[in-house]
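Quick look at protein.cif (mmCIF, C-alpha atoms and all ligand atoms):
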data_my_file
#
loop_
_atom_site.label_atom_id
_atom_site.label_comp_id
_atom_site.auth_asym_id
_atom_site.auth_seq_id
_atom_site.Cartn_x
_atom_site.Cartn_y
_atom_site.Cartn_z
CA MET A 1 61.82 -171.74 -114.56
CA GLU A 2 59.46 -173.46 -112.12
CA VAL A 3 58.43 -176.81 -113.60
CA ARG A 4 55.05 -178.29 -112.71
CA ALA A 5 53.11 -181.26 -114.08
CA GLN A 6 49.42 -181.31 -114.91
CA LEU A 7 46.99 -183.95 -116.12
CA ALA A 8 45.35 -182.52 -119.25
CA SER A 9 42.99 -183.66 -121.98
CA VAL A 10 42.34 -183.26 -125.69
CA PHE A 11 38.92 -183.71 -127.32
CA HIS A 12 39.02 -184.23 -131.09
CA LEU A 13 35.83 -182.56 -132.32
CA ASP A 14 35.79 -184.04 -135.82
CA LYS A 15 35.32 -187.43 -134.17
CA CYS A 16 32.51 -186.60 -131.72
CA LEU A 17 29.22 -188.33 -132.62
CA GLY A 18 27.06 -186.38 -130.17
CA CYS A 19 25.89 -189.68 -128.69
CA HIS A 20 25.94 -188.39 -125.07
CA THR A 21 27.33 -191.68 -123.76
CA CYS A 22 29.96 -189.69 -121.85
CA SER A 23 27.29 -187.58 -120.11
CA VAL A 24 25.19 -190.59 -119.19
CA VAL A 25 28.02 -192.67 -117.71
CA CYS A 26 29.19 -189.67 -115.69
CA LYS A 27 25.68 -189.06 -114.39
CA ASN A 28 25.19 -192.70 -113.49
CA LEU A 29 28.48 -192.74 -111.62
CA TRP A 30 28.46 -189.42 -109.76
CA THR A 31 25.23 -187.40 -109.92
CA ASP A 32 22.21 -189.67 -110.04
CA ARG A 33 21.01 -188.56 -106.60
CA LYS A 34 17.95 -186.51 -105.75
CA GLY A 35 18.90 -182.84 -105.83
CA SER A 36 21.58 -183.36 -108.44
CA GLU A 37 19.34 -183.73 -111.49
CA HIS A 38 20.67 -180.49 -113.00
CA MET A 39 24.32 -181.46 -112.44
CA TRP A 40 25.90 -182.46 -115.73
CA TRP A 41 29.61 -182.67 -114.88
CA ASN A 42 29.97 -183.78 -118.49
CA ASN A 43 27.58 -182.42 -121.10
CA VAL A 44 27.62 -182.32 -124.89
CA GLU A 45 26.40 -179.23 -126.70
CA THR A 46 25.25 -178.82 -130.28
CA ARG A 47 26.97 -175.87 -131.97
CA PRO A 48 25.98 -173.32 -133.10
CA GLY A 49 23.69 -173.28 -130.08
CA THR A 50 23.28 -171.92 -126.59
CA GLY A 51 24.87 -174.76 -124.60
CA TYR A 52 24.15 -175.73 -121.01
CA PRO A 53 23.28 -173.85 -118.87
CA PRO A 54 21.84 -171.83 -121.77
CA LEU A 55 24.08 -168.95 -122.85
CA TRP A 56 26.77 -169.90 -120.30
CA GLU A 57 29.36 -168.07 -122.40
CA ASP A 58 27.53 -164.76 -122.00
CA GLN A 59 29.48 -163.30 -119.07
CA GLN A 60 27.22 -160.25 -118.86
CA ARG A 61 24.44 -162.64 -117.90
CA HIS A 62 26.25 -165.35 -115.92
CA HIS A 63 29.51 -163.62 -114.93
CA GLY A 64 32.68 -165.51 -114.08
CA GLY A 65 36.35 -165.89 -114.92
CA TRP A 66 39.01 -163.26 -114.65
CA VAL A 67 39.08 -159.73 -116.02
CA LEU A 68 42.38 -158.04 -116.88
CA ALA A 69 42.38 -154.53 -115.40
CA GLY A 70 45.58 -152.44 -115.33
CA GLY A 71 47.69 -155.57 -115.84
CA GLU A 72 46.09 -157.31 -112.84
CA LEU A 73 43.54 -160.12 -112.77
CA ARG A 74 40.23 -159.50 -111.01
CA LEU A 75 37.66 -162.16 -110.33
CA ARG A 76 34.35 -161.45 -112.06
CA LEU A 77 31.55 -162.37 -109.66
CA GLY A 78 28.17 -160.94 -110.47
CA SER A 79 27.92 -157.17 -110.74
CA ARG A 80 30.20 -156.67 -107.71
CA PRO A 81 33.93 -156.40 -108.45
CA HIS A 82 35.38 -158.26 -105.46
CA VAL A 83 34.71 -161.44 -103.55
CA LEU A 84 34.39 -159.56 -100.22
CA ASP A 85 31.54 -157.45 -101.64
CA GLN A 86 29.96 -160.65 -102.81
CA LEU A 87 29.95 -162.15 -99.32
CA PHE A 88 27.22 -159.70 -98.42
CA GLN A 89 25.35 -160.07 -101.70
CA PRO A 90 23.62 -163.17 -103.01
CA PRO A 91 25.77 -164.60 -105.82
CA THR A 92 24.41 -164.51 -109.36
CA LEU A 93 23.32 -168.08 -109.97
CA PRO A 94 21.82 -169.81 -112.98
CA THR A 95 18.05 -169.88 -112.47
CA LEU A 96 15.68 -172.83 -112.43
CA ASP A 97 14.81 -171.90 -116.02
CA ASP A 98 18.51 -172.14 -116.94
CA GLN A 99 19.04 -175.49 -115.25
CA TYR A 100 15.46 -176.74 -115.75
CA GLU A 101 12.97 -178.36 -113.43
CA PRO A 102 14.01 -182.01 -113.28
CA TRP A 103 11.37 -184.28 -114.71
CA THR A 104 10.60 -187.94 -115.05
CA TYR A 105 7.77 -189.81 -116.76
CA ARG A 106 4.57 -191.29 -115.36
CA TYR A 107 5.45 -194.80 -116.46
CA GLY A 108 2.20 -196.13 -115.01
CA ASP A 109 0.54 -194.51 -118.02
CA LEU A 110 2.20 -197.13 -120.20
CA LEU A 111 1.21 -200.10 -118.06
CA GLY A 112 -2.40 -198.97 -117.77
CA ALA A 113 -2.71 -197.82 -121.43
CA ASP A 114 -5.75 -198.73 -123.49
CA PRO A 115 -4.57 -201.78 -125.53
CA THR A 116 -6.72 -200.70 -128.48
CA LYS A 117 -4.79 -197.41 -128.79
CA ASP A 118 -1.54 -197.08 -130.75
CA LEU A 119 1.49 -195.37 -129.25
CA PRO A 120 0.63 -195.06 -125.55
CA THR A 121 2.57 -192.16 -124.05
CA ALA A 122 4.05 -191.68 -120.58
CA ARG A 123 3.37 -188.09 -119.56
CA PRO A 124 6.31 -185.98 -118.25
CA VAL A 125 5.93 -185.06 -114.58
CA SER A 126 8.06 -182.94 -112.25
CA ALA A 127 10.60 -185.08 -110.35
CA ILE A 128 10.11 -182.70 -107.41
CA THR A 129 6.35 -182.29 -107.14
CA GLY A 130 5.10 -185.18 -109.29
CA ARG A 131 2.77 -182.76 -111.11
CA PRO A 132 2.48 -182.96 -114.92
CA ILE A 133 4.78 -180.44 -116.56
CA ASP A 134 5.81 -179.34 -120.01
CA PRO A 135 9.63 -179.62 -119.91
CA SER A 136 11.06 -176.33 -121.16
CA ALA A 137 14.79 -177.01 -121.03
CA GLY A 138 17.32 -179.82 -120.73
CA PRO A 139 21.03 -180.56 -120.83
CA ASN A 140 21.13 -180.37 -124.62
CA TRP A 141 17.85 -178.78 -125.55
CA ASP A 142 19.24 -177.45 -128.83
CA ASP A 143 19.83 -181.00 -129.98
CA ASP A 144 16.49 -182.14 -128.66
CA LEU A 145 14.91 -179.50 -130.87
CA GLY A 146 16.69 -180.90 -133.91
CA GLY A 147 19.04 -178.00 -134.59
CA SER A 148 16.45 -175.35 -133.93
CA ALA A 149 17.41 -172.22 -135.85
CA VAL A 150 16.19 -170.12 -132.92
CA HIS A 151 18.63 -171.70 -130.47
CA ALA A 152 21.44 -171.76 -133.03
CA ALA A 153 20.93 -168.07 -133.79
CA ALA A 154 21.27 -167.21 -130.08
CA ASP A 155 24.84 -168.60 -129.93
CA PRO A 156 26.97 -165.68 -128.56
CA ASN A 157 29.92 -166.66 -130.80
CA LEU A 158 27.92 -165.73 -133.89
CA ALA A 159 28.50 -162.10 -132.94
CA ALA A 160 32.00 -162.51 -134.43
CA LEU A 161 30.45 -162.95 -137.90
CA ASP A 162 29.19 -160.41 -140.45
CA PRO A 163 25.37 -160.44 -140.82
CA ASP A 164 25.66 -162.08 -144.27
CA GLU A 165 28.05 -164.71 -142.96
CA ARG A 166 25.73 -165.38 -140.02
CA GLN A 167 22.71 -165.71 -142.26
CA ALA A 168 24.59 -168.04 -144.59
CA LEU A 169 25.68 -170.25 -141.68
CA LEU A 170 22.13 -170.58 -140.41
CA ALA A 171 20.52 -170.99 -143.85
CA PHE A 172 18.80 -174.33 -144.21
CA ASP A 173 20.70 -175.45 -147.32
CA ARG A 174 24.01 -174.85 -145.56
CA LEU A 175 22.97 -175.94 -142.11
CA VAL A 176 25.91 -177.35 -140.24
CA PHE A 177 26.49 -178.28 -136.66
CA PHE A 178 29.06 -180.03 -134.56
CA HIS A 179 29.19 -181.32 -131.02
CA LEU A 180 31.13 -179.74 -128.17
CA PRO A 181 31.62 -182.05 -125.16
CA ARG A 182 32.41 -180.11 -121.99
CA THR A 183 33.74 -181.07 -118.58
CA CYS A 184 35.50 -179.11 -115.85
CA ASN A 185 38.79 -177.93 -117.37
CA HIS A 186 40.84 -178.44 -114.17
CA CYS A 187 42.26 -175.00 -114.89
CA LEU A 188 45.76 -173.87 -113.94
CA ASN A 189 44.23 -170.66 -112.58
CA PRO A 190 40.84 -171.89 -111.31
CA ALA A 191 38.34 -169.11 -110.64
CA CYS A 192 36.17 -171.52 -108.62
CA ALA A 193 38.96 -172.09 -106.09
CA ALA A 194 39.82 -168.39 -105.90
CA ALA A 195 36.18 -167.52 -105.13
CA CYS A 196 35.53 -170.08 -102.38
CA PRO A 197 35.46 -168.34 -98.96
CA SER A 198 35.71 -171.71 -97.16
CA GLY A 199 38.83 -172.94 -98.97
CA ALA A 200 36.89 -176.05 -99.96
CA ILE A 201 38.20 -176.10 -103.55
CA TYR A 202 41.84 -176.87 -104.21
CA LYS A 203 44.19 -178.14 -106.87
CA ARG A 204 45.84 -181.48 -106.10
CA GLY A 205 49.59 -181.17 -106.04
CA GLU A 206 50.24 -184.53 -107.67
CA ASP A 207 48.16 -184.12 -110.85
CA GLY A 208 46.51 -180.67 -110.83
CA ILE A 209 42.95 -182.04 -110.62
CA VAL A 210 40.68 -179.41 -109.06
CA VAL A 211 38.55 -180.98 -106.34
CA LEU A 212 35.83 -179.69 -104.04
CA ALA A 213 35.93 -181.10 -100.50
CA LYS A 214 32.25 -181.35 -99.62
CA GLU A 215 32.84 -181.62 -95.90
CA ARG A 216 34.46 -178.16 -96.02
CA CYS A 217 31.78 -176.59 -98.26
CA ARG A 218 29.56 -174.16 -96.35
CA GLY A 219 27.17 -173.51 -99.22
CA TRP A 220 28.39 -169.98 -100.07
CA ARG A 221 27.88 -170.82 -103.78
CA MET A 222 30.55 -168.31 -104.91
CA CYS A 223 32.13 -171.00 -107.09
CA VAL A 224 28.99 -171.22 -109.24
CA PRO A 225 29.13 -167.73 -110.75
CA ALA A 226 32.96 -167.64 -110.55
CA CYS A 227 33.46 -170.56 -112.93
CA PRO A 228 33.10 -169.01 -116.39
CA TYR A 229 32.40 -172.47 -117.83
CA LYS A 230 29.56 -173.04 -115.33
CA LYS A 231 30.99 -176.35 -114.24
CA THR A 232 30.27 -176.11 -110.54
CA PHE A 233 26.75 -176.87 -109.37
CA HIS A 234 24.88 -176.31 -106.15
CA SER A 235 22.54 -178.83 -104.55
CA TRP A 236 19.68 -177.03 -102.85
CA LEU A 237 18.79 -180.30 -101.16
CA GLU A 238 22.20 -180.83 -99.51
CA GLY A 239 23.24 -177.16 -99.27
CA LYS A 240 26.59 -178.12 -100.82
CA SER A 241 28.26 -177.49 -104.14
CA GLU A 242 29.79 -180.14 -106.37
CA LYS A 243 31.98 -180.42 -109.43
CA CYS A 244 33.83 -182.93 -111.60
CA ILE A 245 36.61 -184.65 -109.64
CA GLY A 246 38.40 -185.97 -112.74
CA CYS A 247 37.37 -189.50 -111.65
CA TYR A 248 40.47 -189.48 -109.42
CA PRO A 249 39.45 -192.69 -107.60
CA ARG A 250 39.44 -194.44 -110.98
CA LEU A 251 42.77 -192.85 -111.99
CA GLU A 252 44.36 -193.97 -108.74
CA SER A 253 43.38 -197.56 -109.46
CA GLY A 254 44.73 -197.37 -113.03
CA ASP A 255 41.46 -196.78 -114.90
CA ALA A 256 40.59 -193.94 -117.27
CA PRO A 257 37.89 -191.47 -116.19
CA ALA A 258 34.45 -192.91 -116.94
CA CYS A 259 33.68 -190.45 -119.76
CA PHE A 260 37.00 -191.29 -121.49
CA HIS A 261 36.51 -195.01 -121.00
CA ALA A 262 33.00 -194.95 -122.47
CA CYS A 263 33.55 -192.50 -125.34
CA THR A 264 32.07 -194.12 -128.43
CA GLY A 265 33.92 -191.93 -130.92
CA ARG A 266 37.27 -192.39 -129.15
CA ILE A 267 37.69 -188.61 -129.27
CA ARG A 268 39.29 -188.22 -125.82
CA TYR A 269 42.98 -188.28 -125.01
CA GLN A 270 44.55 -187.79 -121.60
CA GLY A 271 48.14 -187.21 -120.61
CA VAL A 272 50.66 -185.17 -118.67
CA LEU A 273 51.76 -181.65 -119.63
CA LEU A 274 54.82 -179.97 -118.15
CA TYR A 275 54.62 -176.21 -117.72
CA ASP A 276 56.54 -173.32 -116.28
CA ALA A 277 54.45 -171.82 -113.46
CA ASP A 278 55.96 -168.33 -113.92
CA ALA A 279 55.23 -168.31 -117.66
CA ALA A 280 51.69 -169.60 -116.99
CA ALA A 281 51.08 -166.71 -114.59
CA ARG A 282 52.25 -164.32 -117.35
CA ALA A 283 50.05 -166.11 -119.91
CA ALA A 284 46.94 -165.45 -117.80
CA ARG A 285 47.71 -161.72 -118.16
CA ALA A 286 48.52 -161.73 -121.90
CA PRO A 287 46.48 -159.53 -124.27
CA ASP A 288 43.69 -161.41 -126.06
CA GLU A 289 45.49 -161.68 -129.41
CA ARG A 290 48.56 -163.21 -127.66
CA LEU A 291 46.71 -165.53 -125.28
CA VAL A 292 47.04 -168.82 -127.17
CA ASP A 293 50.69 -168.19 -128.04
CA ALA A 294 51.50 -167.19 -124.45
CA PHE A 295 49.70 -170.31 -123.25
CA ARG A 296 51.84 -172.47 -125.56
CA ASP A 297 55.00 -170.64 -124.48
CA ALA A 298 54.32 -171.76 -120.92
CA LEU A 299 54.39 -175.45 -121.93
CA LEU A 300 57.72 -177.24 -121.65
CA ASP A 301 59.28 -179.89 -123.88
CA PRO A 302 59.66 -183.02 -121.70
CA ALA A 303 62.46 -184.29 -123.99
CA ASP A 304 64.59 -181.19 -123.30
CA PRO A 305 67.46 -182.15 -120.88
CA ASP A 306 67.32 -178.68 -119.20
CA VAL A 307 63.61 -179.16 -118.51
CA ALA A 308 64.30 -182.65 -117.15
CA ALA A 309 66.98 -181.26 -114.82
CA GLU A 310 64.67 -178.49 -113.56
CA ALA A 311 61.84 -181.01 -113.15
CA ALA A 312 64.08 -183.21 -111.00
CA ARG A 313 65.05 -180.16 -108.91
CA ALA A 314 61.32 -179.41 -108.48
CA GLY A 315 60.81 -182.94 -107.12
CA LEU A 316 59.08 -184.48 -110.17
CA GLY A 317 59.99 -188.13 -110.45
CA GLU A 318 61.23 -189.98 -113.54
CA ALA A 319 57.80 -191.64 -113.88
CA VAL A 320 56.14 -188.22 -114.35
CA LEU A 321 58.73 -187.19 -116.93
CA ALA A 322 58.29 -190.48 -118.79
CA ALA A 323 54.50 -189.96 -118.79
CA ALA A 324 54.96 -186.44 -120.19
CA ARG A 325 57.26 -187.76 -122.94
CA ARG A 326 54.67 -190.25 -124.16
CA SER A 327 51.70 -187.93 -123.56
CA PRO A 328 49.35 -187.59 -126.56
CA VAL A 329 48.19 -184.28 -125.06
CA ASP A 330 51.75 -182.91 -125.22
CA ARG A 331 51.90 -183.89 -128.93
CA PHE A 332 48.50 -182.38 -129.79
CA VAL A 333 48.89 -179.14 -127.84
CA ARG A 334 52.58 -178.20 -127.73
CA ASP A 335 54.24 -180.19 -130.50
CA TRP A 336 51.67 -180.23 -133.32
CA GLU A 337 49.73 -177.10 -132.16
CA LEU A 338 46.53 -178.82 -133.26
CA ALA A 339 44.50 -178.47 -130.08
CA LEU A 340 43.25 -175.16 -128.66
CA PRO A 341 41.79 -174.05 -125.30
CA LEU A 342 38.08 -173.22 -125.02
CA HIS A 343 37.54 -169.49 -124.43
CA PRO A 344 41.08 -168.65 -123.29
CA GLU A 345 39.88 -165.07 -122.71
CA PHE A 346 38.32 -166.25 -119.42
CA ARG A 347 41.98 -166.48 -118.30
CA THR A 348 41.59 -169.54 -116.08
CA LEU A 349 44.14 -171.41 -118.28
CA PRO A 350 41.86 -174.40 -118.99
CA MET A 351 43.48 -177.82 -119.30
CA VAL A 352 41.00 -179.37 -121.72
CA PHE A 353 42.02 -178.63 -125.31
CA TYR A 354 40.00 -179.08 -128.49
CA VAL A 355 41.04 -180.07 -131.98
CA PRO A 356 38.70 -177.71 -133.90
CA PRO A 357 36.32 -179.32 -136.38
CA LEU A 358 37.44 -179.26 -139.99
CA SER A 359 34.08 -180.91 -140.69
CA PRO A 360 33.22 -182.57 -143.98
CA VAL A 361 34.17 -180.13 -146.71
CA ARG A 362 31.43 -179.13 -149.12
CA ALA A 363 31.14 -181.70 -151.87
CA VAL A 364 31.15 -179.07 -154.57
CA ARG A 365 32.88 -175.72 -154.28
CA SER A 366 31.23 -172.42 -155.12
CA ASP A 367 32.94 -172.46 -158.54
CA GLY A 368 31.73 -175.98 -159.23
CA ALA A 369 35.11 -177.64 -158.77
CA ARG A 370 35.69 -180.51 -156.40
CA PRO A 371 37.61 -179.27 -153.35
CA VAL A 372 41.14 -180.46 -152.75
CA SER A 373 42.75 -180.21 -149.38
CA ASP A 374 45.32 -177.50 -150.00
CA ASP A 375 42.93 -174.83 -151.28
CA LEU A 376 40.36 -175.33 -148.52
CA LEU A 377 41.44 -172.28 -146.65
CA ALA A 378 41.88 -170.18 -149.78
CA ASP A 379 38.23 -170.83 -150.57
CA PRO A 380 36.17 -170.10 -147.46
CA ALA A 381 33.05 -171.38 -149.26
CA ALA A 382 34.54 -174.88 -149.06
CA LEU A 383 34.62 -174.64 -145.26
CA ARG A 384 31.33 -175.22 -143.55
CA ILE A 385 32.13 -173.53 -140.24
CA PRO A 386 33.52 -169.98 -140.54
CA ILE A 387 37.03 -169.47 -139.15
CA ARG A 388 35.84 -166.44 -137.18
CA TYR A 389 33.24 -168.50 -135.35
CA LEU A 390 35.88 -171.06 -134.35
CA ALA A 391 38.29 -168.28 -133.38
CA SER A 392 35.64 -166.85 -131.06
CA LEU A 393 35.31 -170.27 -129.36
CA PHE A 394 38.92 -171.42 -129.23
CA ALA A 395 41.31 -168.51 -129.68
CA ALA A 396 39.92 -165.27 -128.19
CA GLY A 397 39.37 -164.10 -131.77
CA ASN A 398 42.87 -164.96 -133.07
CA GLU A 399 42.02 -166.42 -136.50
CA ARG A 400 45.62 -167.31 -137.34
CA VAL A 401 45.93 -170.08 -134.74
CA VAL A 402 42.66 -171.63 -135.96
CA VAL A 403 43.76 -171.45 -139.62
CA ASP A 404 47.08 -173.10 -138.71
CA ALA A 405 45.31 -175.92 -136.87
CA LEU A 406 42.82 -176.49 -139.71
CA GLN A 407 45.62 -176.39 -142.27
CA ALA A 408 47.42 -179.11 -140.33
CA LEU A 409 44.21 -181.15 -140.11
CA ALA A 410 43.65 -180.75 -143.86
CA ALA A 411 47.20 -181.99 -144.44
CA VAL A 412 46.60 -185.05 -142.25
CA ARG A 413 43.36 -185.70 -144.12
CA ALA A 414 45.16 -185.44 -147.48
CA HIS A 415 47.80 -187.86 -146.18
CA ARG A 416 45.10 -190.39 -145.28
CA ARG A 417 43.28 -189.92 -148.58
CA ALA A 418 46.52 -190.49 -150.49
CA ARG A 419 46.79 -193.86 -148.76
CA THR A 420 43.12 -194.86 -148.98
CA ALA A 421 40.90 -193.13 -151.58
CA GLY A 422 43.94 -192.25 -153.72
CA ASP A 423 42.49 -188.95 -154.97
CA VAL A 424 45.46 -186.97 -153.60
CA THR A 425 48.94 -187.86 -154.80
CA ALA A 426 51.51 -189.00 -152.25
CA ALA A 427 53.79 -186.13 -153.31
CA ASP A 428 51.02 -183.53 -152.68
CA ALA A 429 50.21 -185.09 -149.31
CA ALA A 430 53.88 -185.02 -148.28
CA ARG A 431 54.20 -181.36 -149.34
CA LEU A 432 51.09 -180.42 -147.32
CA LEU A 433 52.42 -182.18 -144.22
CA LEU A 434 55.73 -180.37 -144.57
CA GLU A 435 54.01 -176.99 -145.04
CA ALA A 436 51.95 -177.66 -141.90
CA GLY A 437 55.17 -178.40 -139.98
CA LEU A 438 54.14 -182.01 -139.24
FE1 LIG B 501 37.03 -174.41 -111.62
FE2 LIG B 501 36.63 -176.35 -113.42
FE3 LIG B 501 35.41 -173.98 -113.68
FE4 LIG B 501 38.06 -174.20 -114.11
S1 LIG B 501 36.39 -175.15 -115.32
S2 LIG B 501 37.02 -172.58 -112.94
S3 LIG B 501 38.63 -175.70 -112.53
S4 LIG B 501 35.07 -175.51 -112.06
FE1 LIG B 502 31.19 -187.37 -128.24
FE2 LIG B 502 32.46 -189.44 -127.07
FE3 LIG B 502 30.64 -188.06 -125.69
FE4 LIG B 502 29.82 -189.67 -127.71
S1 LIG B 502 30.82 -190.33 -125.80
S2 LIG B 502 29.14 -187.53 -127.29
S3 LIG B 502 31.56 -189.42 -129.15
S4 LIG B 502 32.59 -187.25 -126.47
#
Same coordinates, now as structure tokens:
Amino acid sequence: MEVRAQLASVFHLDKCLGCHTCSVVCKNLWTDRKGSEHMWWNNVETRPGTGYPPLWEDQQRHHGGWVLAGGELRLRLGSRPHVLDQLFQPPTLPTLDDQYEPWTYRYGDLLGADPTKDLPTARPVSAITGRPIDPSAGPNWDDDLGGSAVHAAADPNLAALDPDERQALLAFDRLVFFHLPRTCNHCLNPACAAACPSGAIYKRGEDGIVVLAKERCRGWRMCVPACPYKKTFHSWLEGKSEKCIGCYPRLESGDAPACFHACTGRIRYQGVLLYDADAAARAARAPDERLVDAFRDALLDPADPDVAAEAARAGLGEAVLAAARRSPVDRFVRDWELALPLHPEFRTLPMVFYVPPLSPVRAVRSDGARPVSDDLLADPAALRIPIRYLASLFAAGNERVVVDALQALAAVRAHRRARTAGDVTAADAARLLLEAGL
């Protein structure tokens, strides 16, 4: 056993309001410079939808992450199989259409507007050329278009559904969406770092945050296609790449990262996870259906005396162990098994985990009865978001781990309702919690 510690996060999707406060504070703090307009270290996507950059999950189009071939991991970088081939080929980068032409507004139009006219409008103009433009994309264009069925229908995860199921999900009377906040995952097996020919990207030993040292960046841009989550960005103005740095200067002075601090829905949790480096390396090579379980197997119980002894041998101090023992992330991910990794099949072992959305259940079930928590999963019509769609996002297609997480969430919801609304009996709520292993 080789014990390591990692700073990790959980985002609780049922609580996200889609307010974009997190994105805006991050942008104000780190990327509000010329040339970094397209850099959204934190963005929030409306799902079903195409995300940002559009269709980033489609690895045929954007490439990235690791591919398992003959039991070995190979970096997926464009159409070429190996990083050395890529050095002599331009990397496959998101285009200007993907990351949009940055625009601003001609605010002078407002000041000089005809006072007799209602609703004076500031025209959008290119932030680069100053010429009037018709903005064609943005960091959450799906949302800007009010849940456009066209964008929703292009979501690659809908491929996991039957045509009827897909049509039902997108039908107007059943229209449902949720918000997916995304940052760099500070992966255990970061493809961005593996792809960088200059060695500019590295994982900090003390907390596992993946940082990009700009002074070492030579503008190769290999990290951009290599990251399957498209969370590295290149500045054409500076000739350097950039990525989320986990707000480490704030962490080092005792503050939470800006996006956590500002989160209106209080959906974000941060804490320490202990893991076995050997088991994590095996997890990155696990078959798709075993990925989430293998990932969990690599996590270590900080209250286990054997783990504590190994951690001490590995040089981890008592303060790190104490932080792991009180870590909400450890509870959500390892203990309660409520939070799941985003697209584990990219095999970077991402360290941001998501509590999948149970969403409001339908008020009236297909048979006319009012839904109760324990038959939610027996009656898929009561669930607004199909399990298979969530399994495509959070479990490499393994529906069981999603069902288990939703079952546990339904039990917690029943527990709360027993104490507040009173429409579930305390005995039923206790039984559901027990069945969910909570
Ligand atoms: Fe690197 Fe972050 Fe992408 Fe992981 S999510 S590969 S750490 S940029
Ligand atoms: Fe969601 Fe919090 Fe971001 Fe608002 S600030 S969009 S609630 S993650």
Each residue of chain A lying at most 10 Å from ligand LIG 501 (chain B) should get a row with its shortest atom-to-atom pair and the distance in Å to one decimal, counting all atoms listed in the file; could you produce that, ordered by chain and increasing number, as a tab-separated table?
residue	atom	partner	partner_atom	distance
A:Trp41	CA	B:LIG501	S4	9.4
A:Gly64	CA	B:LIG501	S2	8.4
A:Gly65	CA	B:LIG501	S2	7.0
A:Trp66	CA	B:LIG501	S2	9.7
A:Arg182	CA	B:LIG501	S1	9.2
A:Thr183	CA	B:LIG501	S1	7.3
A:Cys184	CA	B:LIG501	FE2	3.8
A:Asn185	CA	B:LIG501	S1	4.2
A:His186	CA	B:LIG501	S3	3.9
A:Cys187	CA	B:LIG501	FE4	4.3
A:Leu188	CA	B:LIG501	S3	7.5
A:Asn189	CA	B:LIG501	FE4	7.3
A:Pro190	CA	B:LIG501	S2	4.2
A:Ala191	CA	B:LIG501	S2	4.4
A:Cys192	CA	B:LIG501	FE1	4.3
A:Ala193	CA	B:LIG501	FE1	6.3
A:Ala194	CA	B:LIG501	S2	8.7
A:Ala195	CA	B:LIG501	S2	9.3
A:Ile201	CA	B:LIG501	FE1	8.3
A:Tyr202	CA	B:LIG501	S3	9.0
A:Lys203	CA	B:LIG501	S3	8.3
A:Gly208	CA	B:LIG501	S3	9.5
A:Ile209	CA	B:LIG501	S3	7.9
A:Val210	CA	B:LIG501	S3	5.5
A:Val211	CA	B:LIG501	S3	8.1
A:Leu212	CA	B:LIG501	S4	9.1
A:Cys223	CA	B:LIG501	S4	7.3
A:Val224	CA	B:LIG501	S4	8.0
A:Pro225	CA	B:LIG501	FE3	9.3
A:Ala226	CA	B:LIG501	S2	6.8
A:Cys227	CA	B:LIG501	FE3	4.0
A:Pro228	CA	B:LIG501	FE3	6.1
A:Tyr229	CA	B:LIG501	FE3	5.3
A:Lys230	CA	B:LIG501	FE3	6.2
A:Lys231	CA	B:LIG501	S4	4.7
A:Thr232	CA	B:LIG501	S4	5.1
A:Phe233	CA	B:LIG501	S4	8.8
A:Glu242	CA	B:LIG501	S4	9.0
A:Lys243	CA	B:LIG501	S4	6.4
A:Cys244	CA	B:LIG501	FE2	7.4
A:Ile245	CA	B:LIG501	FE2	9.1
A:Gly246	CA	B:LIG501	FE2	9.8
A:Phe346	CA	B:LIG501	S2	9.2
A:Arg347	CA	B:LIG501	S2	9.5
A:Thr348	CA	B:LIG501	FE4	6.2
A:Leu349	CA	B:LIG501	FE4	7.9
A:Pro350	CA	B:LIG501	FE4	6.2
A:Met351	CA	B:LIG501	FE4	8.3
A:Val352	CA	B:LIG501	S1	8.9
Next item on the list: Could you please extract the residues within 7 Å of ligand LIG 502 (chain B), counting only C-alpha atoms and all ligand atoms, and hand them back as a PyMOL selection string?
Entry: chain A and resi 15-23+44+179+181+259+262-268
Go ahead and dump the residues you just picked, C-alpha atoms, as a CSV table (one decimal), in the frame of the given file.
chain,number,residue,atom,x,y,z
A,15,LYS,CA,35.3,-187.4,-134.2
A,16,CYS,CA,32.5,-186.6,-131.7
A,17,LEU,CA,29.2,-188.3,-132.6
A,18,GLY,CA,27.1,-186.4,-130.2
A,19,CYS,CA,25.9,-189.7,-128.7
A,20,HIS,CA,25.9,-188.4,-125.1
A,21,THR,CA,27.3,-191.7,-123.8
A,22,CYS,CA,30.0,-189.7,-121.8
A,23,SER,CA,27.3,-187.6,-120.1
A,44,VAL,CA,27.6,-182.3,-124.9
A,179,HIS,CA,29.2,-181.3,-131.0
A,181,PRO,CA,31.6,-182.0,-125.2
A,259,CYS,CA,33.7,-190.4,-119.8
A,262,ALA,CA,33.0,-195.0,-122.5
A,263,CYS,CA,33.6,-192.5,-125.3
A,264,THR,CA,32.1,-194.1,-128.4
A,265,GLY,CA,33.9,-191.9,-130.9
A,266,ARG,CA,37.3,-192.4,-129.2
A,267,ILE,CA,37.7,-188.6,-129.3
A,268,ARG,CA,39.3,-188.2,-125.8
Note to self: So, with only C-alpha atoms as the atoms that count, which of A:Gly35, A:Ala200, A:Asp164, A:Gly51 lies closest to Ile128 in chain A?
What the structure shows: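 Of all the options, A:Gly35 lies closest to Ile128 in chain A.
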Note to self: Residues near Leu169 in chain A, anyone? I mean within 8 Å using only C-alpha atoms, not counting same-chain ones fewer than 3 positions away, as a PyMOL selection string.
What the structure shows: chain A and resi 165-166+174-176+384-386
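Here CA of Leu274 in chain A stands at a distance of 21.6 Å from CA of Glu345 in chain A.
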Margin query: Around (25.2, -182.3, -115.7), as given in the file, which residues come within 8 Å? Count all atoms listed in the file and list them as a PyMOL selection string.
Written below: chain A and resi 23+27+31+37-43+139
